[in-house]
file input.pdb (PDB, C-alpha atoms)
ATOM      1  CA  MET A 165       0.000   0.000   0.000
ATOM      2  CA  VAL A 166       1.416   3.383  -1.039
ATOM      3  CA  ARG A 167       1.113   5.970   1.727
ATOM      4  CA  HIS A 168       1.947   9.646   2.221
ATOM      5  CA  PHE A 169       1.126  10.453  -1.406
ATOM      6  CA  ASN A 170       0.957  14.189  -0.794
ATOM      7  CA  THR A 171       3.501  14.846   1.954
ATOM      8  CA  ASP A 172       6.678  16.890   1.459
ATOM      9  CA  PRO A 173       9.508  14.478   2.395
ATOM     10  CA  LEU A 174      11.994  17.329   2.983
ATOM     11  CA  ALA A 175       9.845  19.478   5.286
ATOM     12  CA  GLU A 176       8.792  19.154   8.908
ATOM     13  CA  GLY A 177       5.711  20.048  10.917
ATOM     14  CA  GLU A 178       2.754  21.694   9.177
ATOM     15  CA  ARG A 179       4.774  22.365   6.022
ATOM     16  CA  ARG A 180       5.220  18.616   5.564
ATOM     17  CA  VAL A 181       1.458  18.143   5.147
ATOM     18  CA  ALA A 182       0.697  21.506   3.511
ATOM     19  CA  LEU A 183      -0.634  19.935   0.304
ATOM     20  CA  GLU A 184      -2.768  17.431   2.246
ATOM     21  CA  THR A 185      -4.195  20.325   4.265
ATOM     22  CA  TYR A 186      -4.981  22.262   1.093
ATOM     23  CA  LEU A 187      -6.743  19.272  -0.466
ATOM     24  CA  ASP A 188      -8.805  18.692   2.666
ATOM     25  CA  ARG A 189      -9.922  22.332   2.961
ATOM     26  CA  HIS A 190     -10.360  23.283  -0.686
ATOM     27  CA  VAL A 191     -11.116  20.031  -2.511
ATOM     28  CA  ASP A 192     -12.320  17.057  -0.480
ATOM     29  CA  GLY A 193     -14.352  19.092   1.995
ATOM     30  CA  PRO A 194     -16.259  21.310  -0.489
ATOM     31  CA  CYS A 195     -16.834  18.505  -2.987
ATOM     32  CA  ALA A 196     -18.343  16.018  -0.490
ATOM     33  CA  PRO A 197     -21.866  17.584  -0.449
ATOM     34  CA  VAL A 198     -21.772  18.031  -4.242
ATOM     35  CA  LEU A 199     -20.911  14.366  -4.823
ATOM     36  CA  ARG A 200     -23.609  13.360  -2.347
ATOM     37  CA  ALA A 201     -26.134  15.458  -4.296
ATOM     38  CA  LEU A 202     -25.070  13.767  -7.529
ATOM     39  CA  ARG A 203     -25.489  10.305  -6.016
ATOM     40  CA  GLU A 204     -28.993  11.335  -4.970
ATOM     41  CA  GLY A 205     -29.793  12.326  -8.551
ATOM     42  CA  GLN A 206     -29.747  16.108  -8.197
ATOM     43  CA  TRP A 207     -29.020  17.121 -11.790
ATOM     44  CA  PRO A 208     -28.129  19.397 -13.501
ATOM     45  CA  LEU A 209     -25.846  21.294 -11.152
ATOM     46  CA  ASP A 210     -25.862  25.057 -10.777
ATOM     47  CA  GLU A 211     -22.772  26.964 -11.918
ATOM     48  CA  ALA A 212     -21.107  27.050  -8.491
ATOM     49  CA  ARG A 213     -21.569  23.312  -7.851
ATOM     50  CA  ASP A 214     -20.505  22.503 -11.400
ATOM     51  CA  ALA A 215     -17.207  24.333 -10.771
ATOM     52  CA  VAL A 216     -16.687  22.345  -7.540
ATOM     53  CA  ALA A 217     -17.387  19.093  -9.385
ATOM     54  CA  LEU A 218     -14.811  20.001 -12.057
ATOM     55  CA  ASP A 219     -12.225  20.787  -9.349
ATOM     56  CA  ALA A 220     -12.894  17.455  -7.655
ATOM     57  CA  LEU A 221     -12.727  15.522 -10.926
ATOM     58  CA  ALA A 222      -9.463  17.179 -11.987
ATOM     59  CA  TRP A 223      -7.801  16.508  -8.630
ATOM     60  CA  GLN A 224      -9.022  12.909  -8.648
ATOM     61  CA  VAL A 225      -7.441  12.384 -12.071
ATOM     62  CA  VAL A 226      -4.021  13.765 -11.111
ATOM     63  CA  ARG A 227      -4.001  11.889  -7.791
ATOM     64  CA  THR A 228      -4.362   8.456  -9.383
ATOM     65  CA  GLN A 229      -1.336   6.206  -9.307
ATOM     66  CA  ALA A 230      -1.536   5.670 -13.082
ATOM     67  CA  PHE A 231      -1.547   9.406 -13.831
ATOM     68  CA  ARG A 232       1.328  10.058 -11.433
ATOM     69  CA  SER A 233       3.373   7.249 -12.962
ATOM     70  CA  PHE A 234       3.065   8.783 -16.443
ATOM     71  CA  ASP A 235       5.631  11.560 -15.862
ATOM     72  CA  GLU A 236       7.952   9.131 -14.101
ATOM     73  CA  GLN A 237       7.775   6.601 -16.932
ATOM     74  CA  VAL A 238       8.237   9.222 -19.653
ATOM     75  CA  GLY A 239      11.149  10.705 -17.715
ATOM     76  CA  ARG A 240      12.748   7.280 -17.340
ATOM     77  CA  HIS A 241      12.474   6.648 -21.090
ATOM     78  CA  LEU A 242      13.797  10.076 -22.101
ATOM     79  CA  PHE A 243      16.450  10.497 -19.405
ATOM     80  CA  PRO A 244      19.271   8.809 -21.397
ATOM     81  CA  ALA A 245      18.664  11.173 -24.342
ATOM     82  CA  LEU A 246      18.570  14.249 -22.090
ATOM     83  CA  TRP A 247      21.703  13.063 -20.311
ATOM     84  CA  ALA A 248      23.410  12.575 -23.680
ATOM     85  CA  GLN A 249      22.404  16.049 -24.865
ATOM     86  CA  GLU A 250      24.059  17.514 -21.766
ATOM     87  CA  ALA A 251      27.143  15.381 -22.440
ATOM     88  CA  VAL A 252      27.517  16.876 -25.927
ATOM     89  CA  GLY A 253      27.402  20.393 -24.496
ATOM     90  CA  TYR A 254      29.870  19.446 -21.745
ATOM     91  CA  CYS A 255      32.363  18.075 -24.277
ATOM     92  CA  GLU A 256      32.141  21.214 -26.403
ATOM     93  CA  GLU A 257      32.672  23.375 -23.318
ATOM     94  CA  ARG A 258      35.745  21.397 -22.219
ATOM     95  CA  LEU A 259      37.258  21.378 -25.724
ATOM     96  CA  GLY A 260      36.495  25.040 -26.311
ATOM     97  CA  ARG A 261      35.140  24.354 -29.795
ATOM     98  CA  PRO A 262      32.017  22.967 -31.449
ATOM     99  CA  LEU A 263      32.059  19.255 -32.169
ATOM    100  CA  SER A 264      31.736  18.075 -35.735
ATOM    101  CA  GLN A 265      28.520  16.333 -36.726
ATOM    102  CA  ALA A 266      30.220  12.936 -36.540
ATOM    103  CA  GLU A 267      31.718  13.738 -33.120
ATOM    104  CA  ARG A 268      28.406  14.984 -31.752
ATOM    105  CA  LEU A 269      26.614  11.778 -32.786
ATOM    106  CA  GLU A 270      29.422   9.619 -31.366
ATOM    107  CA  VAL A 271      29.339  11.428 -28.003
ATOM    108  CA  PHE A 272      25.537  11.375 -27.962
ATOM    109  CA  TRP A 273      25.097   7.638 -28.519
ATOM    110  CA  THR A 274      27.963   6.754 -26.188
ATOM    111  CA  ALA A 275      26.297   8.818 -23.445
ATOM    112  CA  VAL A 276      22.889   7.204 -24.164
ATOM    113  CA  ARG A 277      24.397   3.731 -23.687
ATOM    114  CA  THR A 278      26.238   4.668 -20.474
ATOM    115  CA  ALA A 279      23.650   6.956 -18.836
ATOM    116  CA  PRO A 280      23.158   6.306 -15.094
ATOM    117  CA  ASP A 281      19.871   5.207 -13.601
ATOM    118  CA  PRO A 282      17.519   8.216 -13.305
ATOM    119  CA  SER A 283      16.878   7.398  -9.641
ATOM    120  CA  LEU A 284      20.423   8.543  -8.792
ATOM    121  CA  ILE A 285      19.481  12.181  -9.384
ATOM    122  CA  ALA A 286      15.736  11.992  -8.671
ATOM    123  CA  ASP A 287      14.082  14.750  -6.667
ATOM    124  CA  PRO A 288      11.568  13.196  -4.215
ATOM    125  CA  ARG A 289       9.345  16.288  -4.457
ATOM    126  CA  SER A 290       9.152  16.425  -8.261
ATOM    127  CA  VAL A 291       5.970  14.316  -8.279
ATOM    128  CA  LEU A 292       4.223  16.841  -6.016
ATOM    129  CA  ARG A 293       5.183  19.756  -8.258
ATOM    130  CA  ALA A 294       4.030  17.798 -11.297
ATOM    131  CA  THR A 295       0.692  17.083  -9.597
ATOM    132  CA  ILE A 296       0.014  20.766  -8.916
ATOM    133  CA  ARG A 297       0.914  21.762 -12.470
ATOM    134  CA  ALA A 298      -1.067  18.846 -13.903
ATOM    135  CA  PHE A 299      -4.147  19.926 -11.942
ATOM    136  CA  GLU A 300      -4.202  23.318 -13.680
ATOM    137  CA  ARG A 301      -3.785  21.659 -17.079
ATOM    138  CA  THR A 302      -6.429  19.010 -16.355
ATOM    139  CA  ARG A 303      -8.908  21.511 -14.881
ATOM    140  CA  GLY A 304      -8.502  23.674 -17.980
ATOM    141  CA  LEU A 305      -9.178  20.704 -20.242
ATOM    142  CA  LEU A 306     -12.312  19.649 -18.342
ATOM    143  CA  ALA A 307     -13.693  23.204 -18.461
ATOM    144  CA  ALA A 308     -12.883  23.778 -22.156
ATOM    145  CA  PRO A 309     -15.664  24.903 -24.515
ATOM    146  CA  GLY A 310     -17.385  21.935 -26.120
ATOM    147  CA  ARG A 311     -16.973  19.665 -23.095
ATOM    148  CA  ARG A 312     -19.737  18.829 -20.642
ATOM    149  CA  LEU A 313     -20.448  16.799 -17.550
ATOM    150  CA  VAL A 314     -23.068  14.062 -17.903
ATOM    151  CA  LEU A 315     -24.683  12.137 -15.041
ATOM    152  CA  LEU A 316     -26.063   8.690 -15.855
ATOM    153  CA  ARG A 317     -28.032   6.559 -13.395
ATOM    154  CA  SER A 318     -29.525   3.072 -13.335
ATOM    155  CA  ALA A 319     -32.145   1.429 -11.151
ATOM    156  CA  GLU A 320     -29.939  -1.603 -10.490
ATOM    157  CA  PRO A 321     -26.207  -1.791  -9.702
ATOM    158  CA  ARG A 322     -24.127  -2.069 -12.877
ATOM    159  CA  LEU A 323     -20.800  -0.519 -11.930
ATOM    160  CA  VAL A 324     -17.712  -1.856 -10.178
ATOM    161  CA  LEU A 325     -15.721   0.729  -8.240
ATOM    162  CA  ALA A 326     -11.934   0.967  -8.475
ATOM    163  CA  ASP A 327      -9.705   2.480  -5.794
ATOM    164  CA  SER A 328      -8.445   4.952  -8.406
ATOM    165  CA  GLY A 329     -11.870   6.638  -8.538
ATOM    166  CA  VAL A 330     -11.582   7.597 -12.229
ATOM    167  CA  ALA A 331     -10.416   6.268 -15.597
ATOM    168  CA  LEU A 332      -9.360   8.069 -18.784
ATOM    169  CA  ARG A 333     -10.895   6.616 -21.962
ATOM    170  CA  ARG A 334      -9.283   7.460 -25.286
ATOM    171  CA  LYS A 335     -11.107   8.091 -28.557
ATOM    172  CA  ASP A 336     -10.142   4.610 -29.807
ATOM    173  CA  GLY A 337     -11.843   3.040 -26.787
ATOM    174  CA  THR A 338      -8.657   2.091 -24.937
ATOM    175  CA  PHE A 339      -7.499   3.161 -21.479
ATOM    176  CA  SER A 340      -3.780   3.276 -22.258
ATOM    177  CA  LEU A 341      -1.132   5.812 -21.160
ATOM    178  CA  THR A 342      -0.042   6.567 -24.724
ATOM    179  CA  PRO A 343       1.205  10.168 -24.969
ATOM    180  CA  PRO A 344      -0.316  12.640 -24.981
ATOM    181  CA  LEU A 345      -2.042  11.567 -21.803
ATOM    182  CA  LEU A 346      -4.712  14.276 -22.043
ATOM    183  CA  PRO A 347      -5.769  14.827 -25.661
ATOM    184  CA  GLU A 348      -8.814  17.022 -26.241
ATOM    185  CA  THR A 349     -10.888  13.948 -27.120
ATOM    186  CA  ILE A 350     -10.254  12.149 -23.815
ATOM    187  CA  GLU A 351     -13.246  11.069 -21.718
ATOM    188  CA  VAL A 352     -13.125  10.866 -17.917
ATOM    189  CA  PHE A 353     -15.286   8.159 -16.334
ATOM    190  CA  ALA A 354     -15.965   8.653 -12.615
ATOM    191  CA  PRO A 355     -18.268   6.038 -11.023
ATOM    192  CA  LEU A 356     -19.812   7.639  -7.932
ATOM    193  CA  SER A 357     -21.720   4.531  -6.830
ATOM    194  CA  PRO A 358     -22.738   1.168  -8.338
ATOM    195  CA  THR A 359     -25.703   2.945  -9.946
ATOM    196  CA  CYS A 360     -24.295   6.405 -10.736
ATOM    197  CA  LEU A 361     -21.687   7.422 -13.331
ATOM    198  CA  LEU A 362     -20.302  10.920 -13.927
ATOM    199  CA  ILE A 363     -18.627  11.498 -17.300
ATOM    200  CA  SER A 364     -16.642  14.436 -18.651
ATOM    201  CA  THR A 365     -16.836  14.236 -22.425
ATOM    202  CA  PRO A 366     -16.617  16.285 -25.642
ATOM    203  CA  ARG A 367     -19.129  13.924 -27.275
ATOM    204  CA  ALA A 368     -22.872  14.510 -27.501
ATOM    205  CA  HIS A 369     -24.240  10.964 -27.698
ATOM    206  CA  TYR A 370     -24.655  10.418 -23.927
ATOM    207  CA  ARG A 371     -28.266  11.110 -22.959
ATOM    208  CA  PRO A 372     -29.193  11.328 -19.262
ATOM    209  CA  ASP A 373     -32.823  10.518 -20.087
ATOM    210  CA  GLN A 374     -31.717   7.076 -21.318
ATOM    211  CA  GLY A 375     -29.854   6.424 -18.078
ATOM    212  CA  LEU A 376     -26.850   4.204 -17.448
ATOM    213  CA  THR A 377     -27.134   1.467 -20.065
ATOM    214  CA  ARG A 378     -25.363  -1.877 -19.853
ATOM    215  CA  LYS A 379     -23.155  -0.876 -22.797
ATOM    216  CA  ILE A 380     -21.961   2.330 -21.128
ATOM    217  CA  ALA A 381     -21.526   0.505 -17.803
ATOM    218  CA  ALA A 382     -19.322  -2.051 -19.558
ATOM    219  CA  LYS A 383     -17.065   0.764 -20.808
ATOM    220  CA  ALA A 384     -16.827   2.251 -17.311
ATOM    221  CA  ASN A 385     -16.089  -1.153 -15.765
ATOM    222  CA  ALA A 386     -13.319  -1.801 -18.282
ATOM    223  CA  GLY A 387     -11.796   1.530 -17.267
ATOM    224  CA  ALA A 388     -12.074   0.688 -13.588
ATOM    225  CA  THR A 389     -10.090  -2.535 -13.994
ATOM    226  CA  ALA A 390      -7.491  -0.848 -16.233
ATOM    227  CA  TRP A 391      -6.888   2.151 -13.934
ATOM    228  CA  CYS A 392      -7.236   0.454 -10.531
ATOM    229  CA  GLN A 393      -4.292   0.706  -8.159
ATOM    230  CA  GLU A 394      -4.784  -2.334  -5.940
ATOM    231  CA  ALA A 395      -8.466  -3.238  -5.811
ATOM    232  CA  VAL A 396     -11.842  -3.158  -7.539
ATOM    233  CA  TYR A 397     -15.039  -3.420  -5.499
ATOM    234  CA  ARG A 398     -18.582  -4.601  -6.268
ATOM    235  CA  LEU A 399     -21.759  -4.998  -4.262
ATOM    236  CA  PRO A 400     -22.279  -8.543  -2.938
ATOM    237  CA  SER A 401     -25.671  -8.585  -4.662
ATOM    238  CA  MET A 402     -24.103  -7.730  -8.021
ATOM    239  CA  PRO A 403     -22.571 -10.530 -10.105
ATOM    240  CA  TRP A 404     -19.109  -9.934 -11.514
ATOM    241  CA  PRO A 405     -19.609  -8.533 -15.042
ATOM    242  CA  ALA A 406     -19.155 -11.065 -17.815
ATOM    243  CA  HIS A 407     -15.913 -10.819 -19.819
ATOM    244  CA  LEU A 408     -14.411  -8.359 -17.297
ATOM    245  CA  SER A 409     -10.927  -9.240 -16.055
ATOM    246  CA  LEU A 410      -8.280  -7.446 -14.033
ATOM    247  CA  ALA A 411      -5.148  -6.305 -15.823
ATOM    248  CA  ALA A 412      -2.101  -8.465 -15.141
ATOM    249  CA  THR A 413       0.222  -5.438 -14.971
ATOM    250  CA  ALA A 414      -0.065  -1.717 -14.328
ATOM    251  CA  LEU A 415      -0.516   0.629 -17.289
ATOM    252  CA  GLU A 416       2.769   1.379 -19.016
ATOM    253  CA  VAL A 417       4.065   4.016 -21.428
ATOM    254  CA  ARG A 418       5.604   2.295 -24.442
ATOM    255  CA  PRO A 419       9.340   3.044 -24.778
ATOM    256  CA  PRO A 420      10.020   5.477 -27.637
ATOM    257  CA  ARG A 421      12.275   4.700 -30.577
ATOM    258  CA  LEU A 422      15.111   7.210 -30.301
ATOM    259  CA  SER A 423      16.822   8.726 -33.307
ATOM    260  CA  ALA A 424      19.321  11.577 -33.422
ATOM    261  CA  VAL A 425      20.572  13.989 -36.059
ATOM    262  CA  PRO A 426      22.732  17.110 -35.506
ATOM    263  CA  ALA A 427      20.560  20.205 -35.064
ATOM    264  CA  GLN A 428      20.657  22.552 -38.048
ATOM    265  CA  GLN A 429      18.891  25.415 -36.267
ATOM    266  CA  PRO A 430      18.345  26.624 -32.696
ATOM    267  CA  LEU A 431      16.049  24.413 -30.652
ATOM    268  CA  ASP A 432      12.528  25.622 -29.926
ATOM    269  CA  PRO A 433      12.074  27.022 -26.415
ATOM    270  CA  ALA A 434      10.852  24.579 -23.814
ATOM    271  CA  PRO A 435       7.059  24.600 -23.308
ATOM    272  CA  THR A 436       5.897  26.668 -20.376
ATOM    273  CA  HIS A 437       3.670  25.334 -17.635
ATOM    274  CA  PRO A 438       0.186  26.790 -17.256
ATOM    275  CA  ASP A 439      -0.150  29.612 -14.786
ATOM    276  CA  ILE A 440      -1.103  28.539 -11.271
ATOM    277  CA  ARG A 441      -4.192  30.654 -10.653
ATOM    278  CA  ARG A 442      -4.771  29.809  -6.987
ATOM    279  CA  GLY A 443      -2.545  31.708  -4.570
ATOM    280  CA  GLU A 444      -2.218  28.860  -2.056
ATOM    281  CA  LEU A 445      -1.189  26.439  -4.807
ATOM    282  CA  ARG A 446       1.436  28.922  -6.043
ATOM    283  CA  ALA A 447       2.816  29.079  -2.500
ATOM    284  CA  LEU A 448       2.895  25.274  -2.288
ATOM    285  CA  LEU A 449       4.700  25.054  -5.617
ATOM    286  CA  GLU A 450       7.234  27.594  -4.358
ATOM    287  CA  GLN A 451       7.773  25.536  -1.188
ATOM    288  CA  LEU A 452       8.316  22.372  -3.219
ATOM    289  CA  SER A 453      10.771  24.088  -5.588
ATOM    290  CA  HIS A 454      13.394  25.134  -3.025
ATOM    291  CA  PRO A 455      15.235  23.364  -0.194
ATOM    292  CA  PRO A 456      13.687  23.987   3.239
ATOM    293  CA  THR A 457      15.295  26.939   5.017
ATOM    294  CA  ASP A 458      16.099  24.743   8.011
ATOM    295  CA  GLN A 459      17.798  22.047   5.892
ATOM    296  CA  LEU A 460      21.543  21.720   6.341
ATOM    297  CA  PRO A 461      23.711  22.295   3.226
ATOM    298  CA  GLY A 462      24.444  19.052   1.453
ATOM    299  CA  SER A 463      21.508  17.172   2.952
ATOM    300  CA  GLY A 464      18.514  15.985   0.927
ATOM    301  CA  THR A 465      18.236  16.501  -2.812
ATOM    302  CA  ASP A 466      19.307  19.694  -4.537
ATOM    303  CA  GLY A 467      18.030  18.940  -8.051
ATOM    304  CA  VAL A 468      14.736  20.395  -9.215
ATOM    305  CA  ARG A 469      12.866  19.124 -12.247
TER     306      ARG A 469
END
call {"tool": "encode", "arguments": {"input": "input.pdb", "output": "structure tokens"}}
result
Amino acid sequence: MVRHFNTDPLAEGERRVALETYLDRHVDGPCAPVLRALREGQWPLDEARDAVALDALAWQVVRTQAFRSFDEQVGRHLFPALWAQEAVGYCEERLGRPLSQAERLEVFWTAVRTAPDPSLIADPRSVLRATIRAFERTRGLLAAPGRRLVLLRSAEPRLVLADSGVALRRKDGTFSLTPPLLPETIEVFAPLSPTCLLISTPRAHYRPDQGLTRKIAAKANAGATAWCQEAVYRLPSMPWPAHLSLAATALEVRPPRLSAVPAQQPLDPAPTHPDIRRGELRALLEQLSHPPTDQLPGSGTDGVR
């Protein structure tokens, strides 16, 4: 069982649990009555409750183990190439001249083959910073024009509930972690109870008046088993859905096929992260981006990703 998902490993006291405190006060607490209203069939939501539901859904997505593992897996796949790019620059700096195209490729591929394990320079707080930034990106996607929340209900239990709380369904019907993780066409399935399903979707074919059909429930159940962390639950009175099986392994990002050619023009600037609109989240991101003031020099991890 993974614990202390949202604690700052380099801080002490209240600062150690600052993100947990924020989530309790501004996410889990406010969203509880809204989710209860949805389970009771109160639909549609007014504008204020709709905004709370979007906040809750976005945070639930970025707090899943599968979503958090995406950045780590991508970083692990790309780390040798990034390490090699730095090695090329280091060699040019030491030699005091640009490397030839042949030399640059030789240094690059040698560094790729001999790159250290990424864990040797990992920052234990990078996942928390990524979560805060990912929330803003995910919240923006869920609130984009053309998307809507849909609540579907059934008279009898048809849904299994995963400990992840949500699943991301791609346009091709799969639940994979293929980049990009959040395309505009992604659907978010959030089972609220065995009879109640909340969906964020850009598609118009879901009709609340038709309720939660067996076909839609089957899609949600497939997502629950794909995105679960350790367990999937069902009511004792509900039979296990036919043809539904648990995944043998956790979702994985396929390793990329690397190729390299000498750059003929300056590289494009790195993409910027979305602005953090909430003041308390900006303060948390600032805390997680610098060593604690009471930390002794040389202790902990100095790198920041």
call {"tool": "residues_around", "arguments": {"input": "input.pdb", "residues": "Leu242 in chain A", "least_positions_apart": "2", "cutoff": "12 Å", "atoms": "all atoms listed in the file", "output": "JSON, numbers by chain"}}
result
{"A": [235, 236, 237, 238, 239, 240, 244, 245, 246, 247, 248, 249, 276, 279, 281, 282, 417, 418, 419, 420, 421, 422, 423]}
call {"tool": "closest_residue", "arguments": {"input": "input.pdb", "among": "A:Arg293, A:Arg203, A:Lys335, A:Arg446", "to": "Glu348 in chain A", "atoms": "only C-alpha atoms"}}
result
A:Lys335
call {"tool": "axis_aligned_box", "arguments": {"input": "input.pdb", "around": "range 364-369 of chain A", "padding_each_side": "4 Å", "output": "JSON"}}
result
{"center_x": -20.4, "center_y": 13.6, "center_z": -23.2, "size_x": 15.6, "size_y": 13.3, "size_z": 17.0}
call {"tool": "closest_residue", "arguments": {"input": "input.pdb", "among": "A:Leu199, A:Leu218, A:Arg261, A:Ala412", "to": "Gln393 in chain A", "atoms": "only C-alpha atoms"}}
result
A:Ala412
call {"tool": "resolve_selection", "arguments": {"input": "input.pdb", "expression": "the PyMOL selection byres ((chain A and resi 382-384) around 9)", "output": "list in words"}}
result
Arg322, Leu323, Val324, Ala331, Arg333, Gly337, Phe353, Ala354, Pro355, Leu361, Thr377, Arg378, Lys379, Ile380, Ala381, Asn385, Ala386, Gly387, Ala388, Thr389, Pro405 and Leu408 of chain A
call {"tool": "atom_distance", "arguments": {"input": "input.pdb", "atom1": "CA of Asp336 in chain A", "atom2": "CA of Pro403 in chain A"}}
result
27.8 Å
call {"tool": "resolve_selection", "arguments": {"input": "input.pdb", "expression": "the PyMOL selection byres ((chain A and resi 391) around 10)", "output": "PyMOL selection string"}}
result
chain A and resi 228-231+326-332+339-341+385-390+392-396+410-411+414-415
call {"tool": "atom_distance", "arguments": {"input": "input.pdb", "atom1": "CA of Tyr397 in chain A", "atom2": "CA of Leu202 in chain A"}}
result
20.0 Å
